[in-house]
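Asks: Structure incoming, see below.
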Amino acid sequence: MTVRVLPVRDDAVLVELADLDETLALAASLETNPLAGVVDVVPGARTLLITFRPSAALAERVAAEVRTRPLDAIDAGDAPLRRIPVRYNGEDLAEVAKQLGMTADEVVRRHTAAECTVAFVGFAPGFAYLTGGDPLLDVPRRSSPRTRIPAGSVALAGTYSGVYPRESPGGWRLIGTTDLPMWDLGRERPAFLEPGDRVRFDLVDASRATVTAASDSDHAVTEPVEAPSHPVAEPVESSRALEDSAPFDELRDPTVGLEVVSAGLQTVFQDLGRTGYTSMGVSASGALDPAALRAANRLVGNDSAEAALEVVVGGLQLRAHGPQVTAVAGAPVPLTVVRADGERRPAAFHSAIPLDDGDELHLGMASEGVRAYLAVRGGFAEEAVLGSLATDALSGVGPEPVATGRVLDVRAAAAGSIVATEAAPEHPLPRAGEETVLDIVLGPRTDWLTADAVETLTGQAWDVTPQSNRVGVRLSGTPVDRERTEELPSEGCVAGALQIPPNGQPVLFLADHPLTGGYPVIGAVVSDQVAIAGQLPVGARVRFRVRSPFAEIRDPLPSPATTADSPDSPDSPDSIGRDPR
C-alpha cells in the first residue's frame with residue numbers, strides 16, 4: 001500500500017499506512033531518528049498523527065521524509081512481558097460467547113492462551129489497545145454503550161483487548177475485572193502498559209458468577225472516543241508529584257495565600273500543559289486561552305508559563321492572607337475589591353491588583369468569552385502532576401479543582417521580577433447570540449462524508465450548546481451526513497478537530513480531548529484560532545470558513561527553476577489551485 005499523508009491542521013498531518021505493524025515501525029523510526037521540527041507522534045490503529053512546528057518544518061517536507069522511512073515489522077521479542085490477573089466475571093461474557101458461537105469457558109481459554117502486544121495508548125491515560133490476541137475473539141462494540149464502566153474492567157472491541165484504567169463511559173464488551181491498577185501516579189512508571197509491551201491475561205478465579213448482558217435500555221448512548229455529553233467538573237483524585245523544580249514543602253508559606261470564599265461555577269489550575277506523555281495516553285491539556293494566561297502572569301511579574309486559575313464565566317471570590325498582587329486576563333469580568341472593613345471599590349481588568357491582608361477580590365460574570373485567568377505574584381505553591389499543574393477534565397490528571405474554603409498557598413516572588421503594564425487586547429471575544437467565524441483546514445477524513453458535507457458544515461452558523469466543556473464544544477445545527485458508515489479505526493486527534501459522530505452534530509475538540517478517536521474528523525480549526533474556540537460561550541453561534549481544501553499532501557515541489565511547460569511549474573495548468581510552498 002502507498003503511504004498517504006493527509007492534512008489534519010496547519011501544524012499536523014496524519015500518515016495512513018497499510019496496517020498496525022507499519023504504523024509501529026514508522027513510529028519507532030521517528031523515535032530513533034527524529035525529524036527536525038516534529039513536536040509529537042501519536043500512533044493509531046493504522047495511522048500516525050505527527051504534529052510539528054511550522055517555523056521548523058512544512059507539511060510537504062514531513063510527507064517526503066516519512067515516505068523514505070523503513071516500514072519493516074518490529075521484533076517484539078525483547079519487549080517486557082506484563083501479566084494481568086483477571087476474574088472473568090464481566091457482564092457481557094455470556095453475550096460475547098453467544099455471538100461467537102462458543103461457551104464462556106472457551107472465550108476465557110482463548111483470551112488467556114494468547115499473548116498480546118500494546119499497539120498504542122489513547123482515550124485515557126493508561127488505556128492500552130492490545131492486539132495479537134486470538135483472531136476468533138472479534139466482537140463489535142455495544143450498540144448502546146454504557147455511561148459508566150468501573151475501573152479495572154477487562155473488555156473486547158473488534159480484535160482489540162483493553163483494560164479501563166478509571167471509571168468512564170465506554171462501549172467495549174466487558175468480560176472480566178482486574179485489581180491491578182493500569183494507571184498509578186505513585187509508580188515510577190505510572191502507566192502499567194506502554195506501546196510495545198507484551199501482555200498475558202491470567203485466570204485467577206475459575207469460579208465465575210452467573211453473568212447476564214445488561215439491557216440496552218439501562219444505558220444512555222455514549223461513545224468512549226467522543227467528548228462526554230455532560231459538563232465535566234467533577235473532582236479528580238489527588239496525586240503526588242513525579243517531578244518538581246524544588247522539594248514541595250519548601251514552596252509553602254503557611255502565613256500567605258489566597259482563601260477561596262467562593263469557587264464560582266468551575267475554577268481549576270492551568271498552565272501551558274504537559275508534554276512528552278502521549279505514550280502513556282496523557283494529552284497536553286493546559287489553558288484553553290494560553291495568551292490570556294501568559295498576559296495575567298506578566299501583569300504580576302511572573303514567568304509567563306506560571307500556573308494560574310482558569311475561571312469559567314466568573315463568580316470566583318478570594319480573600320488575601322498576607323499582602324498579595326493579582327491580575328485577571330482573558331474573558332472580561334467586572335472586578336471588585338472588598339476591604340476588611342467592608343468598603344468596596346472597583347478594580348481594573350488586565351492590570352495588577354494589590355490586595356492587603358484580609359481584602360477580598362470578587363470576579364463578576366463575563367460579558368464576553370467564557371474563561372478568565374487569575375495569576376498571583378510569585379505563583380501558586382501547588383503540587384505538580386507529571387511536571388504540570390494543568391487539570392485535565394477527561395483523564396483526571398492534575399490537581400483537584402478549586403473548592404470553597406480552601407487556602408491556596410502562594411510562593412514568594414522571584415528576586416528582580418517586574419510587574420508589567422500592558423493594554424488589554426482590542427479584539428472582542430465571542431458573545432452569546434453573536435456569530436464568530438473560525439478558519440479550518442479540511443481533513444483528514446473529509447472523504448468519509450457525503451459530497452455536500454463541506455457545504456453543510458460551512459453554509460450555516462452552528463449553535464454552541466450547554467453540553468460543551470474543556471473536552472469539546474458541542475454544536476447543534478443541520479446534521480453533516482456521512483457517506484461511509486463503517487467503524488473508523490482509532491486514530492490520533494488534535495485540539496480544534498471537528499469530529500462528526502453518528503448524529504451528524506459536530507464536536508469541536510478542545511485541550512482535554514482524547515488522544516485518539518473513532519469518529520471521522522472533517523477538518524480542524526487552524527492552530528492560532530483554537531484559543532478563540534475555547535472562549536465560545538453557550539448560546540454563541542460559530543461559522544466555519546475553509547482556509548485549506550482537502551487533498552493528500554504530496555512531496556514538495558522541486559527547488560530548481562522549472563519552465564512554464566513543466567507540469568511542476570507554478571505557471572503550468574496542472575498546478576492551478578496547488579499550494580506552491
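Every chain in the C-alpha cells takes a letter, A first, then B, and so on in the order presented; its residues are numbered from 1, and the ligands are numbered from 1 following the presented order.
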Go through range 254-370 of chain A and collect every residue that DSSP, computed from the backbone, puts in helix (DSSP H, G or I); the answer should be as a VMD selection string.

Replies: chain A and resid 278 to 280 290 to 299

Asks: Quick one: write out the picked residues with N, CA and C atoms as a compact mmCIF listing (two decimals), in the first residue's frame?

Replies:
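again_2.txt, written as the output of this step:
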```txt
# COMPACT_ATOMS: atom_id res chain seq x y z
N THR A 278 2.43 11.29 25.76
CA THR A 278 1.41 10.68 24.91
C THR A 278 1.54 9.17 24.85
N SER A 279 2.75 8.62 25.07
CA SER A 279 2.91 7.17 25.05
C SER A 279 2.14 6.52 26.19
N MET A 280 1.81 7.30 27.23
CA MET A 280 1.01 6.79 28.35
C MET A 280 -0.48 7.12 28.17
N PRO A 290 -4.14 30.28 26.03
CA PRO A 290 -2.77 30.43 26.53
C PRO A 290 -2.28 31.88 26.55
N ALA A 291 -2.71 32.68 25.57
CA ALA A 291 -2.27 34.08 25.53
C ALA A 291 -2.77 34.83 26.75
N ALA A 292 -3.98 34.55 27.19
CA ALA A 292 -4.54 35.21 28.37
C ALA A 292 -3.79 34.78 29.62
N LEU A 293 -3.44 33.50 29.72
CA LEU A 293 -2.67 33.02 30.87
C LEU A 293 -1.32 33.72 30.93
N ARG A 294 -0.64 33.81 29.79
CA ARG A 294 0.67 34.47 29.76
C ARG A 294 0.55 35.94 30.17
N ALA A 295 -0.50 36.61 29.66
CA ALA A 295 -0.70 38.02 29.98
C ALA A 295 -0.92 38.22 31.48
N ALA A 296 -1.77 37.39 32.10
CA ALA A 296 -2.02 37.53 33.53
C ALA A 296 -0.74 37.38 34.33
N ASN A 297 0.11 36.46 33.91
CA ASN A 297 1.39 36.27 34.61
C ASN A 297 2.32 37.46 34.43
N ARG A 298 2.39 37.99 33.23
CA ARG A 298 3.25 39.17 33.01
C ARG A 298 2.81 40.34 33.87
N LEU A 299 1.51 40.50 34.04
CA LEU A 299 0.97 41.63 34.80
C LEU A 299 1.36 41.60 36.27
```

Asks: Mind checking which residues fall within 7 Å of range 58-65 of chain A, counting only C-alpha atoms, ignoring those fewer than 5 positions away in the same chain, and posting them as a PyMOL selection string?

Replies: chain A and resi 5+13+553-556

Asks: Store the residues picked out above, limited to N, CA and C atoms, as a PDB file, in the first residue's frame.

Replies:
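As written to disk, selection27.pdb reads:
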```
ATOM      1  N   VAL A   5      -0.387  10.720   3.101  1.00  0.00           N
ATOM      2  CA  VAL A   5      -0.213  11.738   4.132  1.00  0.00           C
ATOM      3  C   VAL A   5      -1.346  12.745   3.957  1.00  0.00           C
ATOM      4  N   VAL A  13      -0.156  16.500  10.468  1.00  0.00           N
ATOM      5  CA  VAL A  13      -0.555  15.627   9.369  1.00  0.00           C
ATOM      6  C   VAL A  13      -0.855  14.238   9.921  1.00  0.00           C
ATOM      7  N   ILE A 553      -1.376  15.244   0.892  1.00  0.00           N
ATOM      8  CA  ILE A 553      -0.172  16.066   0.888  1.00  0.00           C
ATOM      9  C   ILE A 553       0.907  15.352   0.086  1.00  0.00           C
ATOM     10  N   ARG A 554       1.390  16.024  -0.923  1.00  0.00           N
ATOM     11  CA  ARG A 554       2.428  15.459  -1.791  1.00  0.00           C
ATOM     12  C   ARG A 554       3.800  15.928  -1.327  1.00  0.00           C
ATOM     13  N   ASP A 555       4.823  15.356  -1.932  1.00  0.00           N
ATOM     14  CA  ASP A 555       6.186  15.815  -1.660  1.00  0.00           C
ATOM     15  C   ASP A 555       6.336  17.248  -2.161  1.00  0.00           C
ATOM     16  N   PRO A 556       7.288  18.007  -1.617  1.00  0.00           N
ATOM     17  CA  PRO A 556       7.452  19.398  -2.036  1.00  0.00           C
ATOM     18  C   PRO A 556       7.863  19.500  -3.494  1.00  0.00           C
TER      19      PRO A 556
END
```

Asks: Using only C-alpha atoms, can you tell me which of A:Asn89, A:Ser55, A:Ser417, A:Ser468 comes closest to Gly534 in chain A?

Replies: A:Ser468

Asks: Find the residues near Ala12 in chain A: any atom within 8 Å, counting only C-alpha atoms, skip ones fewer than 2 places away on the same chain, and give them as a list in words.

Replies: Pro7, Val8, Arg9, Asp10, Leu14, Leu49, Ile50, Thr51, Phe52 and Ala59 of chain A

Asks: Would you kindly return, as a count of residues only, each protein, DNA or RNA residue with an atom no farther than 6 Å from any atom of range 492-508 of chain A, considering only C-alpha atoms and excluding same-chain residues fewer than 4 positions away?

Replies: 21

Asks: Select, from A:Tyr373, A:Leu457, A:Glu306, A:Leu93, the residue with the minimum atom-to-atom distance to Arg543 in chain A, counting only C-alpha atoms.

Replies: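 So, comparing all the options, the nearest one is A:Leu457.
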
Asks: Could you give me, as a VMD selection string, the residues within 12 Å of Val376 in chain A, counting only C-alpha atoms and dropping anything in the same chain fewer than 2 positions from it?

Replies: chain A and resid 256 to 258 293 295 to 304 306 to 309 318 320 323 to 329 351 to 355 361 373 to 374 378 to 381 408 to 413 419

Asks: Write down as an MDAnalysis selection string the residues belonging to range 401-469 of chain A that are assigned strand (DSSP E) by DSSP computed on the backbone.

Replies: chainID A and resid 407:409 435:442 462:464

Asks: Would you export the selected residues with N, CA, C and O atoms as a PDB file, in the first residue's frame, please?

Replies:
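Final file, again_27.pdb:
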```pdb
ATOM      1  N   VAL A 407      -7.480  27.192  51.260  1.00  0.00           N
ATOM      2  CA  VAL A 407      -6.481  28.251  51.163  1.00  0.00           C
ATOM      3  C   VAL A 407      -5.416  27.799  50.173  1.00  0.00           C
ATOM      4  O   VAL A 407      -4.784  26.758  50.361  1.00  0.00           O
ATOM      5  N   LEU A 408      -5.238  28.582  49.125  1.00  0.00           N
ATOM      6  CA  LEU A 408      -4.257  28.268  48.086  1.00  0.00           C
ATOM      7  C   LEU A 408      -2.933  28.902  48.468  1.00  0.00           C
ATOM      8  O   LEU A 408      -2.824  30.129  48.595  1.00  0.00           O
ATOM      9  N   ASP A 409      -1.910  28.078  48.667  1.00  0.00           N
ATOM     10  CA  ASP A 409      -0.603  28.588  49.060  1.00  0.00           C
ATOM     11  C   ASP A 409       0.042  29.342  47.903  1.00  0.00           C
ATOM     12  O   ASP A 409      -0.106  28.969  46.733  1.00  0.00           O
ATOM     13  N   GLU A 435     -22.249  35.893  16.155  1.00  0.00           N
ATOM     14  CA  GLU A 435     -21.596  34.906  15.302  1.00  0.00           C
ATOM     15  C   GLU A 435     -20.083  35.112  15.280  1.00  0.00           C
ATOM     16  O   GLU A 435     -19.603  36.231  15.151  1.00  0.00           O
ATOM     17  N   THR A 436     -19.345  34.007  15.424  1.00  0.00           N
ATOM     18  CA  THR A 436     -17.890  34.015  15.340  1.00  0.00           C
ATOM     19  C   THR A 436     -17.475  33.158  14.156  1.00  0.00           C
ATOM     20  O   THR A 436     -18.003  32.064  13.963  1.00  0.00           O
ATOM     21  N   VAL A 437     -16.531  33.644  13.367  1.00  0.00           N
ATOM     22  CA  VAL A 437     -16.041  32.907  12.206  1.00  0.00           C
ATOM     23  C   VAL A 437     -14.671  32.317  12.532  1.00  0.00           C
ATOM     24  O   VAL A 437     -13.779  33.025  12.997  1.00  0.00           O
ATOM     25  N   LEU A 438     -14.527  31.016  12.302  1.00  0.00           N
ATOM     26  CA  LEU A 438     -13.271  30.314  12.537  1.00  0.00           C
ATOM     27  C   LEU A 438     -12.794  29.674  11.236  1.00  0.00           C
ATOM     28  O   LEU A 438     -13.578  29.058  10.518  1.00  0.00           O
ATOM     29  N   ASP A 439     -11.504  29.832  10.943  1.00  0.00           N
ATOM     30  CA  ASP A 439     -10.913  29.218   9.756  1.00  0.00           C
ATOM     31  C   ASP A 439     -10.553  27.769  10.037  1.00  0.00           C
ATOM     32  O   ASP A 439     -10.081  27.440  11.140  1.00  0.00           O
ATOM     33  N   ILE A 440     -10.748  26.910   9.040  1.00  0.00           N
ATOM     34  CA  ILE A 440     -10.455  25.489   9.211  1.00  0.00           C
ATOM     35  C   ILE A 440      -9.620  24.959   8.054  1.00  0.00           C
ATOM     36  O   ILE A 440      -9.635  25.489   6.950  1.00  0.00           O
ATOM     37  N   VAL A 441      -8.878  23.902   8.368  1.00  0.00           N
ATOM     38  CA  VAL A 441      -8.178  23.099   7.365  1.00  0.00           C
ATOM     39  C   VAL A 441      -8.981  21.812   7.202  1.00  0.00           C
ATOM     40  O   VAL A 441      -9.273  21.132   8.190  1.00  0.00           O
ATOM     41  N   LEU A 442      -9.379  21.482   5.994  1.00  0.00           N
ATOM     42  CA  LEU A 442     -10.160  20.262   5.776  1.00  0.00           C
ATOM     43  C   LEU A 442      -9.267  19.025   5.848  1.00  0.00           C
ATOM     44  O   LEU A 442      -8.124  19.042   5.385  1.00  0.00           O
ATOM     45  N   TRP A 462     -23.495  27.502  13.440  1.00  0.00           N
ATOM     46  CA  TRP A 462     -23.798  26.446  14.396  1.00  0.00           C
ATOM     47  C   TRP A 462     -24.001  27.031  15.794  1.00  0.00           C
ATOM     48  O   TRP A 462     -23.298  27.960  16.191  1.00  0.00           O
ATOM     49  N   ASP A 463     -24.961  26.475  16.526  1.00  0.00           N
ATOM     50  CA  ASP A 463     -25.222  26.921  17.899  1.00  0.00           C
ATOM     51  C   ASP A 463     -24.320  26.178  18.875  1.00  0.00           C
ATOM     52  O   ASP A 463     -24.167  24.955  18.788  1.00  0.00           O
ATOM     53  N   VAL A 464     -23.740  26.906  19.833  1.00  0.00           N
ATOM     54  CA  VAL A 464     -22.950  26.304  20.900  1.00  0.00           C
ATOM     55  C   VAL A 464     -23.904  25.859  22.004  1.00  0.00           C
ATOM     56  O   VAL A 464     -24.669  26.661  22.538  1.00  0.00           O
TER      57      VAL A 464
END
```

Asks: When you look at range 154-166 of chain A with a cut-off of 9 Å (counting only C-alpha atoms), what residues show up, excluding the ones that are within fewer than 5 positions of it in the same chain? I need them as a VMD selection string.

Replies: chain A and resid 86 to 88 90 92 96 111 116 124 to 142 149 171 to 178 181 to 183 395 to 396

Asks: As a list of chain:residue names, please: the residues near Pro195 in chain A (cut-off 10 Å, only C-alpha atoms, same-chain neighbours under 2 positions excluded).

Replies: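 Residues meeting the cut-off are A:Leu24, A:Pro43, A:Ala79, A:Thr117, A:Val118, A:Ala119, A:Phe120, A:Val121, A:Ala128, A:Tyr129, A:Leu130, A:Leu193, A:Asp197, A:Arg198, A:Ser279, A:Met280, A:Gly281.
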
Asks: Keeping only N, CA, C and O atoms, write those residues as a compact mmCIF listing (two decimals), in the first residue's frame.

Replies:
```
# COMPACT_ATOMS: atom_id res chain seq x y z
N LEU A 24 3.61 1.06 13.71
CA LEU A 24 4.57 0.97 14.81
C LEU A 24 5.99 1.09 14.30
O LEU A 24 6.87 1.65 14.98
N PRO A 43 0.50 7.24 17.66
CA PRO A 43 0.07 6.11 16.82
C PRO A 43 -1.42 5.83 16.98
O PRO A 43 -2.01 6.03 18.05
N ALA A 79 10.70 -7.12 24.16
CA ALA A 79 9.84 -6.23 24.93
C ALA A 79 9.46 -6.90 26.25
O ALA A 79 9.37 -8.13 26.35
N THR A 117 0.05 -7.67 22.32
CA THR A 117 1.03 -6.58 22.27
C THR A 117 0.31 -5.25 22.39
O THR A 117 -0.76 -5.07 21.80
N VAL A 118 0.90 -4.32 23.15
CA VAL A 118 0.32 -2.98 23.25
C VAL A 118 0.63 -2.24 21.94
O VAL A 118 1.79 -1.95 21.65
N ALA A 119 -0.42 -1.98 21.17
CA ALA A 119 -0.24 -1.29 19.90
C ALA A 119 -0.08 0.22 20.11
O ALA A 119 0.85 0.84 19.61
N PHE A 120 -0.99 0.80 20.87
CA PHE A 120 -0.93 2.23 21.17
C PHE A 120 -1.77 2.50 22.40
O PHE A 120 -2.53 1.64 22.87
N VAL A 121 -1.64 3.70 22.95
CA VAL A 121 -2.38 4.09 24.15
C VAL A 121 -3.16 5.35 23.81
O VAL A 121 -2.63 6.29 23.23
N ALA A 128 -4.68 1.04 27.14
CA ALA A 128 -3.87 0.45 26.08
C ALA A 128 -4.74 -0.39 25.14
O ALA A 128 -5.60 -1.16 25.60
N TYR A 129 -4.49 -0.22 23.85
CA TYR A 129 -5.15 -1.03 22.83
C TYR A 129 -4.25 -2.22 22.55
O TYR A 129 -3.13 -2.06 22.03
N LEU A 130 -4.72 -3.43 22.88
CA LEU A 130 -3.91 -4.64 22.77
C LEU A 130 -4.30 -5.42 21.51
O LEU A 130 -5.49 -5.68 21.27
N LEU A 193 0.95 -0.32 31.21
CA LEU A 193 1.18 -0.79 29.85
C LEU A 193 1.59 0.38 28.96
O LEU A 193 0.94 1.43 28.98
N ASP A 197 4.84 -3.24 24.74
CA ASP A 197 4.84 -4.25 25.80
C ASP A 197 4.09 -5.50 25.34
O ASP A 197 3.10 -5.42 24.61
N ARG A 198 4.57 -6.66 25.78
CA ARG A 198 3.85 -7.92 25.59
C ARG A 198 2.97 -8.14 26.81
O ARG A 198 3.35 -7.79 27.94
N SER A 279 2.75 8.62 25.07
CA SER A 279 2.91 7.17 25.05
C SER A 279 2.14 6.52 26.19
O SER A 279 1.85 5.33 26.16
N MET A 280 1.81 7.30 27.23
CA MET A 280 1.01 6.79 28.35
C MET A 280 -0.48 7.12 28.17
O MET A 280 -1.29 6.80 29.03
N GLY A 281 -0.82 7.80 27.08
CA GLY A 281 -2.21 8.19 26.87
C GLY A 281 -2.56 9.50 27.51
O GLY A 281 -3.75 9.82 27.68
```

Asks: If you measure from CA of Gly433 in chain A to CA of Val471 in chain A, what distance in Å do you get, rounded to one decimal?

Replies: 22.3 Å

Asks: Could you state the separation of CA of Thr404 in chain A and CA of Gln535 in chain A in Å, given to one decimal place?

Replies: 24.3 Å

Asks: Suppose you want the space between CA of Gln460 in chain A and CA of Ala531 in chain A; what is it in Å?

Replies: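 Going from CA of Gln460 in chain A over to CA of Ala531 in chain A covers 21.5 Å.
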